[in-house]
Amino acid sequence: MGRKVNANAIRMGLNKTWDSVWYARKAEYPKVFAEDMKIKGIVAKKMNDAGVDNIGINRTLNKVEVEVHVARPGVAIGRGGEGIDILQKDLSRMTKKDVEIKIREVKKADISASIIAKSIAEGIQRRQPSKLLVASAKEKAMMAGAKGIRIWVSGRINNASQARTVKVNAGSVPAQTLKADIDYAEATAKTLDAGLMGIKVWVYKGDKTSIEE
């Protein structure tokens with residue numbers, strides 16, 4: 001029986017760091033953690049069209065800093081920064097703290113596992129063939145400089161009566177090599193005819209021996 005380990009979690013402290021950075025007492029931890037999840041959910045929903053790659057949260061005593069990495073910063077910011085201002089006010093009202101949102105551009109969106117997984121999920125929801133979506137994502141990633149990519153799509157593919165998993169690979173993805181910089185993400189496509197379909201993406205970007213590189 002295979003043992004699947006999250007490629008990001010196993011590399012924590014080696015060449016990856018945590019998305020949320022803060023300290024809380026044991027009694028307060030569940031509340032702060034739940035608040036973090038709520039913030040990420042709201043931001044991801046509001047900036048869905050901008051192609052969200054990652055959402056980081058840094059907390060101090062009276063301030064919450066939300067760093068959002070997106071493929072299309074102009075869409076996330078909105079006209080004249082109006083979208084960010086409204087979102088900051090909503091989050092400040094919810095957390096009762098000063099919230100600052102910073103937008104960062106993802107330079108190579110085609111090798112972002114999160115963006116790839118979400119784009120495939122959105123395509124499946126729009127009834128596009130999963131085979132073509134996966135093939136297109138694979139080609140774009142390899143052309144953008146990825147050293148390897150692995151994509152799994154699971155569910156009732158093509159509205160089949162029985163669920164199965166389609167696996168597509170290109171290049172090498174050394175999942176057990178800890179110095180390998182592997183970006184991993186999951187997404188779920190909600191279809192009307194075939195129910196839920198799961199997408200997993202691994203992207204190998206090369207070797208990385210520290211977080212700062």
# chains A, B, ... in the order shown; residues from 1 in each chain; ligands from 1
$ residues_around --residues "A:Asp49" --least-positions-apart "6" --cutoff "9 Å" --atoms "only C-alpha atoms" --output "PDB file with N, CA and C atoms, in the first residue's frame"
ATOM      1  N   ARG A  72      -2.448  37.757 -12.113  1.00  0.00           N
ATOM      2  CA  ARG A  72      -2.885  39.000 -12.751  1.00  0.00           C
ATOM      3  C   ARG A  72      -3.145  40.069 -11.684  1.00  0.00           C
ATOM      4  N   VAL A  75      -6.085  42.760 -12.073  1.00  0.00           N
ATOM      5  CA  VAL A  75      -7.448  42.282 -11.781  1.00  0.00           C
ATOM      6  C   VAL A  75      -7.684  42.272 -10.272  1.00  0.00           C
ATOM      7  N   ALA A  76      -6.655  41.871  -9.502  1.00  0.00           N
ATOM      8  CA  ALA A  76      -6.786  41.791  -8.042  1.00  0.00           C
ATOM      9  C   ALA A  76      -6.938  43.167  -7.404  1.00  0.00           C
TER      10      ALA A  76
END
$ residues_around --residues "A:Lys208" --least-positions-apart "3" --cutoff "7 Å" --atoms "only C-alpha atoms" --output "PyMOL selection string"
chain A and resi 15+179-181+213
$ write_last_selection --atoms "N, CA and C atoms" --output "PDB file, in the first residue's frame"
ATOM      1  N   ASN A  15      13.320  23.901   2.442  1.00  0.00           N
ATOM      2  CA  ASN A  15      13.277  24.898   1.379  1.00  0.00           C
ATOM      3  C   ASN A  15      11.882  25.509   1.207  1.00  0.00           C
ATOM      4  N   LYS A 179      15.791  18.022  -1.145  1.00  0.00           N
ATOM      5  CA  LYS A 179      16.332  19.283  -1.667  1.00  0.00           C
ATOM      6  C   LYS A 179      15.632  19.712  -2.961  1.00  0.00           C
ATOM      7  N   ALA A 180      14.836  18.825  -3.544  1.00  0.00           N
ATOM      8  CA  ALA A 180      14.109  19.162  -4.768  1.00  0.00           C
ATOM      9  C   ALA A 180      13.009  20.169  -4.449  1.00  0.00           C
ATOM     10  N   ASP A 181      12.949  21.246  -5.220  1.00  0.00           N
ATOM     11  CA  ASP A 181      11.915  22.271  -5.044  1.00  0.00           C
ATOM     12  C   ASP A 181      10.672  21.837  -5.807  1.00  0.00           C
ATOM     13  N   GLU A 213      16.355  31.173  -1.201  1.00  0.00           N
ATOM     14  CA  GLU A 213      16.771  31.126  -2.616  1.00  0.00           C
ATOM     15  C   GLU A 213      15.615  31.462  -3.554  1.00  0.00           C
TER      16      GLU A 213
END
$ atom_distance --atom1 "atom CA of A:Gly74" --atom2 "atom CA of A:Ser136"
24.8 Å
$ residues_around --residues "A:Lys118" --least-positions-apart "2" --cutoff "10 Å" --atoms "only C-alpha atoms" --output "NGL selection string"
:A and (48 or 51-53 or 113-116 or 120-124 or 185-189 or 199-201)
$ write_last_selection --atoms "N, CA and C atoms" --output "tab-separated table (two decimals), in the first residue's frame"
chain	number	residue	atom	x	y	z
A	48	ASN	N	-10.58	35.43	-7.16
A	48	ASN	CA	-10.57	34.19	-7.94
A	48	ASN	C	-10.18	34.44	-9.40
A	51	GLY	N	-6.27	34.75	-10.48
A	51	GLY	CA	-5.36	33.61	-10.49
A	51	GLY	C	-4.50	33.57	-9.24
A	52	VAL	N	-5.11	33.22	-8.11
A	52	VAL	CA	-4.40	33.21	-6.82
A	52	VAL	C	-3.48	32.00	-6.73
A	53	ASP	N	-2.21	32.27	-6.42
A	53	ASP	CA	-1.23	31.20	-6.24
A	53	ASP	C	-1.09	30.84	-4.76
A	113	ALA	N	1.81	25.28	-9.28
A	113	ALA	CA	0.94	24.10	-9.12
A	113	ALA	C	-0.49	24.51	-8.77
A	114	SER	N	-0.63	25.52	-7.91
A	114	SER	CA	-1.95	25.96	-7.48
A	114	SER	C	-2.76	26.53	-8.65
A	115	ILE	N	-2.12	27.37	-9.45
A	115	ILE	CA	-2.81	27.99	-10.60
A	115	ILE	C	-3.15	26.93	-11.64
A	116	ILE	N	-2.24	25.97	-11.86
A	116	ILE	CA	-2.50	24.89	-12.82
A	116	ILE	C	-3.69	24.05	-12.38
A	120	ILE	N	-7.39	23.79	-14.33
A	120	ILE	CA	-7.93	22.51	-14.81
A	120	ILE	C	-9.32	22.27	-14.21
A	121	ALA	N	-9.46	22.56	-12.91
A	121	ALA	CA	-10.76	22.38	-12.24
A	121	ALA	C	-11.83	23.28	-12.86
A	122	GLU	N	-11.47	24.53	-13.13
A	122	GLU	CA	-12.43	25.46	-13.74
A	122	GLU	C	-12.80	25.01	-15.15
A	123	GLY	N	-11.82	24.48	-15.89
A	123	GLY	CA	-12.09	23.99	-17.23
A	123	GLY	C	-13.03	22.80	-17.22
A	124	ILE	N	-12.83	21.89	-16.27
A	124	ILE	CA	-13.71	20.72	-16.14
A	124	ILE	C	-15.14	21.16	-15.81
A	185	ALA	N	-0.08	21.11	-5.25
A	185	ALA	CA	-1.39	21.71	-4.98
A	185	ALA	C	-2.51	20.76	-5.34
A	186	GLU	N	-3.65	20.98	-4.72
A	186	GLU	CA	-4.86	20.19	-4.99
A	186	GLU	C	-6.02	21.13	-5.31
A	187	ALA	N	-6.95	20.65	-6.11
A	187	ALA	CA	-8.17	21.41	-6.40
A	187	ALA	C	-9.31	20.43	-6.64
A	188	THR	N	-10.54	20.91	-6.47
A	188	THR	CA	-11.72	20.07	-6.67
A	188	THR	C	-12.65	20.73	-7.68
A	189	ALA	N	-13.05	19.94	-8.67
A	189	ALA	CA	-14.00	20.42	-9.67
A	189	ALA	C	-15.38	19.87	-9.32
A	199	ILE	N	-8.16	17.06	-8.50
A	199	ILE	CA	-6.96	17.32	-9.32
A	199	ILE	C	-5.77	17.52	-8.39
A	200	LYS	N	-4.68	16.79	-8.67
A	200	LYS	CA	-3.43	16.95	-7.92
A	200	LYS	C	-2.32	17.30	-8.90
A	201	VAL	N	-1.49	18.26	-8.53
A	201	VAL	CA	-0.41	18.71	-9.42
A	201	VAL	C	0.90	18.81	-8.65
$ residues_around --residues "stretch 85-96 of chain A" --least-positions-apart "5" --cutoff "9 Å" --atoms "only C-alpha atoms" --output "list of chain:residue names"
A:Glu35, A:Ile39, A:Ile42, A:Val43, A:Lys46, A:Asn62, A:Val64, A:Ile77, A:Ile101
$ residues_around --residues "stretch 165-175 of chain A" --least-positions-apart "6" --cutoff "6 Å" --atoms "only C-alpha atoms" --output "PyMOL selection string"
chain A and resi 147-154+204
$ atom_distance --atom1 "atom CA of A:His69" --atom2 "atom CA of A:Gly56"
8.3 Å
$ residues_around --residues "A:Val66" --least-positions-apart "6" --cutoff "8 Å" --atoms "only C-alpha atoms" --output "list in words"
Ile55, Gly56, Ile57, Asn58, Val99, Glu100, Ile101 and Lys102 of chain A
$ decode --residues "stretch 18-39 of chain A" --atoms "N, CA and C atoms" --output "PDB file, in the first residue's frame"
ATOM      1  N   TRP A  18       6.113  28.270   6.296  1.00  0.00           N
ATOM      2  CA  TRP A  18       4.676  28.258   6.561  1.00  0.00           C
ATOM      3  C   TRP A  18       3.990  29.471   5.928  1.00  0.00           C
ATOM      4  N   ASP A  19       2.734  29.286   5.523  1.00  0.00           N
ATOM      5  CA  ASP A  19       1.961  30.388   4.937  1.00  0.00           C
ATOM      6  C   ASP A  19       1.546  31.401   5.994  1.00  0.00           C
ATOM      7  N   SER A  20       1.269  30.931   7.204  1.00  0.00           N
ATOM      8  CA  SER A  20       0.882  31.823   8.297  1.00  0.00           C
ATOM      9  C   SER A  20       1.994  31.879   9.337  1.00  0.00           C
ATOM     10  N   VAL A  21       2.384  33.111   9.692  1.00  0.00           N
ATOM     11  CA  VAL A  21       3.465  33.298  10.665  1.00  0.00           C
ATOM     12  C   VAL A  21       2.949  34.164  11.809  1.00  0.00           C
ATOM     13  N   TRP A  22       2.760  33.557  12.979  1.00  0.00           N
ATOM     14  CA  TRP A  22       2.324  34.289  14.166  1.00  0.00           C
ATOM     15  C   TRP A  22       2.454  33.396  15.394  1.00  0.00           C
ATOM     16  N   TYR A  23       2.259  33.997  16.552  1.00  0.00           N
ATOM     17  CA  TYR A  23       2.298  33.249  17.806  1.00  0.00           C
ATOM     18  C   TYR A  23       1.011  33.512  18.578  1.00  0.00           C
ATOM     19  N   ALA A  24       0.465  32.487  19.205  1.00  0.00           N
ATOM     20  CA  ALA A  24      -0.728  32.645  20.039  1.00  0.00           C
ATOM     21  C   ALA A  24      -0.656  31.676  21.209  1.00  0.00           C
ATOM     22  N   ARG A  25      -1.249  32.078  22.322  1.00  0.00           N
ATOM     23  CA  ARG A  25      -1.324  31.177  23.483  1.00  0.00           C
ATOM     24  C   ARG A  25      -2.213  29.984  23.141  1.00  0.00           C
ATOM     25  N   LYS A  26      -2.015  28.899  23.900  1.00  0.00           N
ATOM     26  CA  LYS A  26      -2.718  27.651  23.611  1.00  0.00           C
ATOM     27  C   LYS A  26      -4.232  27.839  23.570  1.00  0.00           C
ATOM     28  N   ALA A  27      -4.778  28.637  24.482  1.00  0.00           N
ATOM     29  CA  ALA A  27      -6.227  28.836  24.551  1.00  0.00           C
ATOM     30  C   ALA A  27      -6.750  29.650  23.366  1.00  0.00           C
ATOM     31  N   GLU A  28      -5.894  30.518  22.813  1.00  0.00           N
ATOM     32  CA  GLU A  28      -6.319  31.395  21.719  1.00  0.00           C
ATOM     33  C   GLU A  28      -6.043  30.800  20.338  1.00  0.00           C
ATOM     34  N   TYR A  29      -5.212  29.757  20.296  1.00  0.00           N
ATOM     35  CA  TYR A  29      -4.773  29.220  19.002  1.00  0.00           C
ATOM     36  C   TYR A  29      -5.934  28.798  18.079  1.00  0.00           C
ATOM     37  N   PRO A  30      -6.926  28.024  18.558  1.00  0.00           N
ATOM     38  CA  PRO A  30      -8.016  27.603  17.654  1.00  0.00           C
ATOM     39  C   PRO A  30      -8.768  28.783  17.031  1.00  0.00           C
ATOM     40  N   LYS A  31      -8.973  29.838  17.819  1.00  0.00           N
ATOM     41  CA  LYS A  31      -9.705  31.011  17.324  1.00  0.00           C
ATOM     42  C   LYS A  31      -8.915  31.728  16.228  1.00  0.00           C
ATOM     43  N   VAL A  32      -7.606  31.903  16.460  1.00  0.00           N
ATOM     44  CA  VAL A  32      -6.758  32.596  15.481  1.00  0.00           C
ATOM     45  C   VAL A  32      -6.618  31.762  14.210  1.00  0.00           C
ATOM     46  N   PHE A  33      -6.468  30.452  14.396  1.00  0.00           N
ATOM     47  CA  PHE A  33      -6.340  29.549  13.243  1.00  0.00           C
ATOM     48  C   PHE A  33      -7.608  29.591  12.387  1.00  0.00           C
ATOM     49  N   ALA A  34      -8.778  29.539  13.046  1.00  0.00           N
ATOM     50  CA  ALA A  34     -10.052  29.591  12.323  1.00  0.00           C
ATOM     51  C   ALA A  34     -10.206  30.926  11.590  1.00  0.00           C
ATOM     52  N   GLU A  35      -9.726  32.000  12.218  1.00  0.00           N
ATOM     53  CA  GLU A  35      -9.785  33.328  11.604  1.00  0.00           C
ATOM     54  C   GLU A  35      -8.903  33.383  10.355  1.00  0.00           C
ATOM     55  N   ASP A  36      -7.725  32.752  10.433  1.00  0.00           N
ATOM     56  CA  ASP A  36      -6.825  32.669   9.278  1.00  0.00           C
ATOM     57  C   ASP A  36      -7.503  31.965   8.106  1.00  0.00           C
ATOM     58  N   MET A  37      -8.153  30.846   8.388  1.00  0.00           N
ATOM     59  CA  MET A  37      -8.831  30.083   7.346  1.00  0.00           C
ATOM     60  C   MET A  37      -9.967  30.898   6.715  1.00  0.00           C
ATOM     61  N   LYS A  38     -10.648  31.666   7.547  1.00  0.00           N
ATOM     62  CA  LYS A  38     -11.746  32.490   7.051  1.00  0.00           C
ATOM     63  C   LYS A  38     -11.212  33.613   6.158  1.00  0.00           C
ATOM     64  N   ILE A  39     -10.103  34.233   6.580  1.00  0.00           N
ATOM     65  CA  ILE A  39      -9.478  35.303   5.784  1.00  0.00           C
ATOM     66  C   ILE A  39      -9.057  34.769   4.422  1.00  0.00           C
TER      67      ILE A  39
END
